[in-house]
file work_14.txt (compact mmCIF, C-alpha atoms)
# COMPACT_ATOMS: atom_id res chain seq x y z
CA MET I 1 -6.64 -16.31 -4.40
CA LYS I 2 -9.24 -14.55 -2.27
CA ARG I 3 -12.71 -13.12 -2.66
CA ALA I 4 -12.57 -9.53 -3.87
CA VAL I 5 -14.21 -6.64 -2.04
CA VAL I 6 -16.23 -4.83 -4.70
CA THR I 7 -17.74 -1.42 -5.19
CA SER I 8 -19.63 0.54 -7.85
CA PRO I 9 -18.20 3.19 -10.20
CA LYS I 10 -20.67 5.64 -8.65
CA THR I 11 -19.47 5.10 -5.07
CA SER I 12 -18.07 8.31 -3.60
CA LEU I 13 -14.34 8.52 -2.92
CA LEU I 14 -15.09 9.10 0.75
CA ASP I 15 -17.06 5.86 0.90
CA ALA I 16 -14.30 4.03 -0.97
CA ARG I 17 -11.80 5.39 1.55
CA SER I 18 -13.97 4.09 4.41
CA MET I 19 -14.20 0.65 2.79
CA LEU I 20 -10.42 0.39 2.43
CA LEU I 21 -9.94 1.36 6.07
CA ARG I 22 -12.75 -0.84 7.38
CA HIS I 23 -11.58 -3.96 5.54
CA ARG I 24 -7.88 -3.15 6.00
CA ILE I 25 -7.20 -3.80 2.32
CA GLY I 26 -5.27 -2.02 -0.41
CA ARG I 27 -7.74 -2.17 -3.30
CA LEU I 28 -11.37 -2.45 -4.35
CA VAL I 29 -12.58 -4.12 -7.54
CA VAL I 30 -15.12 -1.96 -9.36
CA THR I 31 -17.95 -3.95 -10.94
CA GLU I 32 -21.05 -3.48 -13.06
CA ASN I 33 -23.45 -6.39 -13.56
CA GLU I 34 -20.98 -8.64 -11.69
CA LYS I 35 -18.25 -7.93 -14.25
CA PRO I 36 -15.08 -5.98 -13.34
CA VAL I 37 -14.76 -2.59 -15.04
CA GLY I 38 -11.99 -1.09 -12.94
CA ILE I 39 -9.89 -1.24 -9.80
CA ILE I 40 -9.15 1.48 -7.26
CA THR I 41 -6.14 1.23 -4.98
CA GLU I 42 -4.77 3.19 -2.06
CA LYS I 43 -2.34 4.80 -4.48
CA ASP I 44 -5.19 5.89 -6.80
CA LEU I 45 -7.05 7.37 -3.85
CA VAL I 46 -4.04 9.26 -2.52
CA ARG I 47 -3.20 10.59 -5.96
CA SER I 48 -6.77 11.85 -6.42
CA ILE I 49 -7.18 13.36 -2.98
CA TYR I 50 -3.94 15.30 -2.99
CA ARG I 51 -4.10 16.55 -6.57
CA MET I 52 -7.61 17.94 -6.56
CA ASP I 53 -6.56 21.55 -5.99
CA ASN I 54 -9.76 23.25 -4.80
CA LYS I 55 -12.24 20.63 -6.01
CA SER I 56 -14.64 19.15 -3.47
CA ILE I 57 -14.00 15.50 -2.62
CA GLU I 58 -17.70 15.08 -1.77
CA ASN I 59 -18.45 15.34 -5.49
CA MET I 60 -15.85 12.82 -6.65
CA GLN I 61 -16.70 9.20 -7.40
CA VAL I 62 -14.71 6.00 -7.79
CA ASN I 63 -15.12 6.36 -11.55
CA ASP I 64 -13.02 9.55 -11.38
CA ALA I 65 -10.02 7.79 -9.84
CA MET I 66 -10.15 4.10 -10.74
CA THR I 67 -7.83 2.33 -13.16
CA LYS I 68 -9.92 1.14 -16.10
CA LYS I 69 -7.29 -0.88 -17.96
CA LEU I 70 -7.43 -4.22 -16.16
CA VAL I 71 -5.01 -7.11 -16.18
CA THR I 72 -6.92 -10.37 -15.83
CA VAL I 73 -6.45 -14.13 -15.90
CA THR I 74 -8.80 -17.09 -16.02
CA GLU I 75 -9.27 -19.69 -13.33
CA ASP I 76 -6.65 -22.03 -14.80
CA ALA I 77 -3.75 -19.53 -14.66
CA THR I 78 -0.69 -20.57 -12.65
CA MET I 79 1.00 -18.55 -9.92
CA TYR I 80 4.02 -18.19 -12.21
CA ASP I 81 1.75 -16.63 -14.86
CA CYS I 82 0.38 -14.18 -12.29
CA ALA I 83 3.84 -13.33 -10.96
CA ARG I 84 5.12 -12.47 -14.44
CA LEU I 85 2.03 -10.38 -15.22
CA MET I 86 2.43 -8.42 -11.97
CA LEU I 87 6.05 -7.64 -12.77
CA ASN I 88 5.48 -6.83 -16.44
CA HIS I 89 2.61 -4.46 -15.68
CA LYS I 90 4.02 -3.18 -12.37
CA ILE I 91 0.82 -3.98 -10.46
CA SER I 92 0.03 -5.58 -7.10
CA SER I 93 -3.00 -7.68 -7.99
CA ILE I 94 -4.52 -9.73 -10.79
CA ILE I 95 -8.27 -10.08 -11.31
CA VAL I 96 -9.45 -13.65 -11.89
CA LEU I 97 -12.40 -14.15 -14.23
CA LYS I 98 -14.89 -16.94 -14.74
CA LYS I 99 -15.49 -18.28 -18.24
CA ASP I 100 -18.37 -15.83 -18.71
CA SER I 101 -16.03 -12.91 -17.85
CA SER I 102 -17.71 -12.31 -14.49
CA LEU I 103 -15.59 -11.80 -11.39
CA PHE I 104 -14.23 -14.93 -9.75
CA GLY I 105 -11.69 -13.48 -7.32
CA ILE I 106 -8.41 -11.64 -6.98
CA ILE I 107 -4.78 -12.66 -6.53
CA THR I 108 -2.52 -10.24 -4.68
CA LYS I 109 1.15 -10.10 -3.82
CA THR I 110 0.18 -11.26 -0.32
CA ASP I 111 -1.14 -14.48 -1.86
CA MET I 112 2.17 -14.85 -3.70
CA VAL I 113 4.16 -14.43 -0.51
CA SER I 114 2.01 -17.10 1.18
CA VAL I 115 2.73 -19.48 -1.69
CA PHE I 116 6.45 -18.78 -1.44
CA LEU I 117 6.39 -19.43 2.30
CA THR I 118 4.73 -22.82 1.92
CA GLN I 119 6.35 -24.04 -1.31
CA ALA I 120 9.88 -22.60 -1.42
CA ALA I 121 12.15 -25.47 -2.38
CA GLU I 122 15.41 -24.05 -1.11
CA SER I 123 16.79 -21.44 1.25
CA ILE I 124 17.36 -17.95 -0.21
CA SER I 125 19.16 -15.18 1.65
CA VAL I 126 17.43 -11.81 2.03
CA SER I 127 20.61 -10.22 0.65
CA LYS I 128 20.02 -11.92 -2.72
CA VAL I 129 16.53 -10.51 -3.37
CA MET I 130 16.41 -7.22 -1.44
CA THR I 131 16.35 -3.84 -3.16
CA LYS I 132 19.25 -1.44 -2.67
CA PRO I 133 20.11 1.36 -2.30
CA VAL I 134 17.11 2.37 -0.19
CA ILE I 135 15.10 5.50 -0.89
CA THR I 136 14.68 7.32 2.42
CA VAL I 137 13.27 10.50 3.94
CA LYS I 138 13.93 12.26 7.24
CA THR I 139 11.54 12.69 10.18
CA ALA I 140 11.32 16.45 9.62
CA ASP I 141 10.61 16.25 5.87
CA SER I 142 7.23 17.70 4.88
CA LEU I 143 4.45 15.37 3.72
CA LEU I 144 4.46 17.23 0.42
CA TYR I 145 8.03 16.05 -0.06
CA VAL I 146 7.28 12.51 1.15
CA GLU I 147 4.34 12.23 -1.25
CA SER I 148 6.49 13.49 -4.11
CA VAL I 149 9.16 10.88 -3.30
CA LEU I 150 6.59 8.08 -3.41
CA MET I 151 5.07 9.27 -6.67
CA LYS I 152 8.32 10.20 -8.44
CA ASN I 153 9.98 6.88 -7.65
CA LYS I 154 6.77 4.86 -8.19
CA ILE I 155 7.11 3.11 -4.85
CA SER I 156 4.53 2.18 -2.23
CA ARG I 157 6.60 2.81 0.87
CA VAL I 158 9.55 4.87 2.00
CA VAL I 159 11.82 4.33 4.99
CA VAL I 160 12.26 7.18 7.45
CA SER I 161 15.87 7.15 8.63
CA ARG I 162 18.04 8.87 11.20
CA ASN I 163 21.81 8.36 11.35
CA ARG I 164 21.49 5.50 8.84
CA LYS I 165 19.04 3.66 11.11
CA PRO I 166 15.37 2.99 10.19
CA VAL I 167 13.11 4.84 12.64
CA GLY I 168 9.85 4.72 10.71
CA ILE I 169 8.11 3.76 7.51
CA ILE I 170 5.43 5.56 5.47
CA THR I 171 3.11 3.90 2.94
CA HIS I 172 0.26 5.18 0.78
CA ARG I 173 -2.15 3.86 3.41
CA ASP I 174 -0.78 6.36 5.93
CA PHE I 175 -2.06 9.19 3.74
CA ILE I 176 -5.63 7.85 3.61
CA PRO I 177 -6.77 8.32 7.25
CA ALA I 178 -6.84 11.85 8.55
CA LYS I 179 -3.30 12.72 9.57
CA ILE I 180 -2.78 12.38 13.30
CA PRO I 181 -0.58 15.13 14.71
CA LEU I 182 2.33 13.84 16.76
CA TRP I 183 1.01 15.54 19.91
CA LEU I 184 -2.30 13.66 19.59
CA ARG I 185 -0.58 10.29 19.08
CA GLN I 186 1.53 10.86 22.18
CA SER I 187 -1.13 12.14 24.57
CA GLY I 188 -4.55 11.52 23.03
CA ASP I 189 -7.16 9.08 24.28
CA PRO I 190 -7.32 5.91 22.06
CA LYS I 191 -10.99 6.60 21.25
CA GLU I 192 -10.17 10.19 20.30
CA ILE I 193 -7.44 8.98 17.95
CA GLU I 194 -9.78 6.42 16.36
CA ASN I 195 -12.45 9.06 15.78
CA TYR I 196 -9.84 11.36 14.24
CA GLN I 197 -8.73 8.62 11.83
CA MET I 198 -12.13 7.34 10.79
CA ALA I 199 -13.94 10.66 10.39
CA GLU I 200 -16.29 10.48 7.39
CA LYS I 201 -15.20 13.91 6.23
CA PRO I 202 -11.66 14.56 7.50
CA HIS I 203 -11.16 18.27 8.00
CA GLU I 204 -8.11 18.36 5.71
CA PHE I 205 -10.44 17.56 2.79
CA LYS I 206 -12.30 20.83 3.34
CA SER I 207 -9.35 22.93 2.27
CA ASN I 208 -6.73 22.82 -0.42
CA GLN I 209 -5.13 19.40 0.03
CA LEU I 210 -1.64 20.41 -1.04
CA SER I 211 -1.64 23.39 1.32
CA TYR I 212 -2.79 21.14 4.14
CA LEU I 213 -0.03 18.61 3.49
CA GLY I 214 2.53 21.36 3.89
CA THR I 215 1.64 21.70 7.58
CA PHE I 216 2.65 18.14 8.49
CA ILE I 217 5.96 16.28 8.55
CA ALA I 218 6.97 12.64 8.15
CA ALA I 219 7.04 12.07 11.92
CA ASP I 220 3.31 12.89 12.10
CA ILE I 221 2.12 9.92 10.05
CA MET I 222 4.99 7.42 9.94
CA THR I 223 4.75 4.04 11.65
CA PRO I 224 7.57 4.29 14.21
CA ASN I 225 9.97 1.50 15.15
CA PRO I 226 9.39 -0.50 11.95
CA ILE I 227 9.78 -4.26 11.93
CA THR I 228 13.12 -5.10 10.33
CA VAL I 229 14.90 -8.20 9.08
CA ASP I 230 18.62 -8.95 9.18
CA VAL I 231 20.48 -9.12 5.88
CA LYS I 232 21.60 -12.69 6.64
CA GLU I 233 18.09 -14.01 7.33
CA ASP I 234 16.23 -16.32 4.96
CA VAL I 235 13.55 -14.87 2.67
CA SER I 236 11.04 -17.23 4.30
CA GLU I 237 11.56 -15.35 7.59
CA ALA I 238 10.87 -12.05 5.84
CA SER I 239 7.76 -13.58 4.24
CA LEU I 240 6.50 -14.79 7.60
CA LEU I 241 7.00 -11.35 9.18
CA MET I 242 5.09 -9.65 6.34
CA ILE I 243 2.14 -12.04 6.61
CA ARG I 244 2.07 -12.07 10.42
CA HIS I 245 2.08 -8.28 10.71
CA GLY I 246 0.06 -7.45 7.59
CA ILE I 247 2.79 -5.38 5.97
CA SER I 248 4.29 -5.32 2.49
CA GLY I 249 7.91 -4.36 3.07
CA LEU I 250 10.69 -4.64 5.64
CA PRO I 251 13.82 -2.50 6.07
CA VAL I 252 16.87 -4.76 5.91
CA VAL I 253 19.55 -4.07 8.51
CA GLN I 254 23.11 -5.10 9.26
CA LYS I 255 24.25 -4.31 12.79
CA SER I 256 21.19 -2.01 13.14
CA LEU I 257 22.18 0.05 10.07
CA LEU I 258 19.91 0.26 7.02
CA VAL I 259 21.34 -1.64 4.03
CA GLY I 260 18.28 -2.43 1.91
CA ILE I 261 14.56 -3.12 1.80
CA ILE I 262 12.70 -6.32 0.94
CA THR I 263 9.16 -6.07 -0.36
CA LYS I 264 6.49 -8.42 -1.65
CA THR I 265 7.53 -7.33 -5.14
CA ASP I 266 11.03 -8.72 -4.52
CA ILE I 267 9.48 -12.05 -3.49
CA VAL I 268 7.22 -12.08 -6.56
CA LYS I 269 10.37 -11.61 -8.67
CA ALA I 270 11.87 -14.69 -7.00
CA ILE I 271 8.69 -16.66 -7.80
CA SER I 272 8.70 -15.53 -11.45
CA LEU I 273 12.26 -16.83 -11.82
CA GLY I 274 11.26 -20.16 -10.35
CA ASN I 275 13.25 -19.69 -7.12
call {"tool": "encode", "arguments": {"input": "work_14.txt", "output": "structure tokens"}}
result
Amino acid sequence: MKRAVVTSPKTSLLDARSMLLRHRIGRLVVTENEKPVGIITEKDLVRSIYRMDNKSIENMQVNDAMTKKLVTVTEDATMYDCARLMLNHKISSIIVLKKDSSLFGIITKTDMVSVFLTQAAESISVSKVMTKPVITVKTADSLLYVESVLMKNKISRVVVSRNRKPVGIITHRDFIPAKIPLWLRQSGDPKEIENYQMAEKPHEFKSNQLSYLGTFIAADIMTPNPITVDVKEDVSEASLLMIRHGISGLPVVQKSLLVGIITKTDIVKAISLGN
């Protein structure tokens, strides 16, 4: 469990976006009088930003996008309890409450992976827990299409493939900074790129978001050369790679070809079964 980063329901979406980027986290707990009233994730933010039509993001608050139906546990809950709740409710975090219902902390899938890494009793092959077949997109696919794939399949990441090999990966977090055109990534000054990403009012928010997305392709925002794990490796190796690199999923390869994907959700499933 870790201390939660909190915000108010009246915080603007732009400020919430900045907090997620600044803290390099995937969610904010929304509180009033020290009690949790909602949670806003990267996925909530992306969904709100790119489905606003012509509404102004400057006028939108966390309250407009947050999830209000919370899944909580008390301080005495076990990791197995949390794992089962995450799977049953298809969520990535559980809010932990004190006895007076005030916020105590938050347990995320990252915490679960850390527990697995330190307490796994036996060796488990990646092939036994990975997800297959893999949902993929191509480098030239539009961001409109990529976003629709993520939303339609209710996934947090998609592998970008070429000739059955993983060449990139796109997550909801990649949609939150201003999109960096490929030409800028290849030739831009590092400071220029940072300013482009962290702009308080990214210029794509000033126009119709869906129209703007149509001008970019997967190659523009994907993380290239993704970290992969071999299908024969142990799940503990995959867990270590996720924690070390701060990522939530790894393409699984066999002789460099894509055969699956292993995510923190897959590891949580293993925990819930007592593996």
call {"tool": "residues_near_point", "arguments": {"input": "work_14.txt", "point": "(-14.5, -1.9, -13.6)", "cutoff": "12 Å", "atoms": "all atoms listed in the file", "output": "PyMOL selection string"}}
result
chain I and resi 6-10+28-40+62-72+95+101-103
call {"tool": "closest_residue", "arguments": {"input": "work_14.txt", "among": "I:Thr136, I:Gln119, I:Thr41, I:Ser142", "to": "Thr215 in chain I", "atoms": "all atoms listed in the file"}}
result
I:Ser142
call {"tool": "closest_residue", "arguments": {"input": "work_14.txt", "among": "I:Val134, I:Val167, I:Ala83, I:Ile25", "to": "Val113 in chain I", "atoms": "all atoms listed in the file"}}
result
I:Ala83
call {"tool": "closest_residue", "arguments": {"input": "work_14.txt", "among": "I:Thr118, I:Val158, I:Arg173, I:Leu273", "to": "Pro133 in chain I", "atoms": "all atoms listed in the file"}}
result
I:Val158
call {"tool": "closest_residue", "arguments": {"input": "work_14.txt", "among": "I:Met222, I:Val149, I:Val137, I:Ile261", "to": "Asp174 in chain I", "atoms": "only C-alpha atoms"}}
result
I:Met222
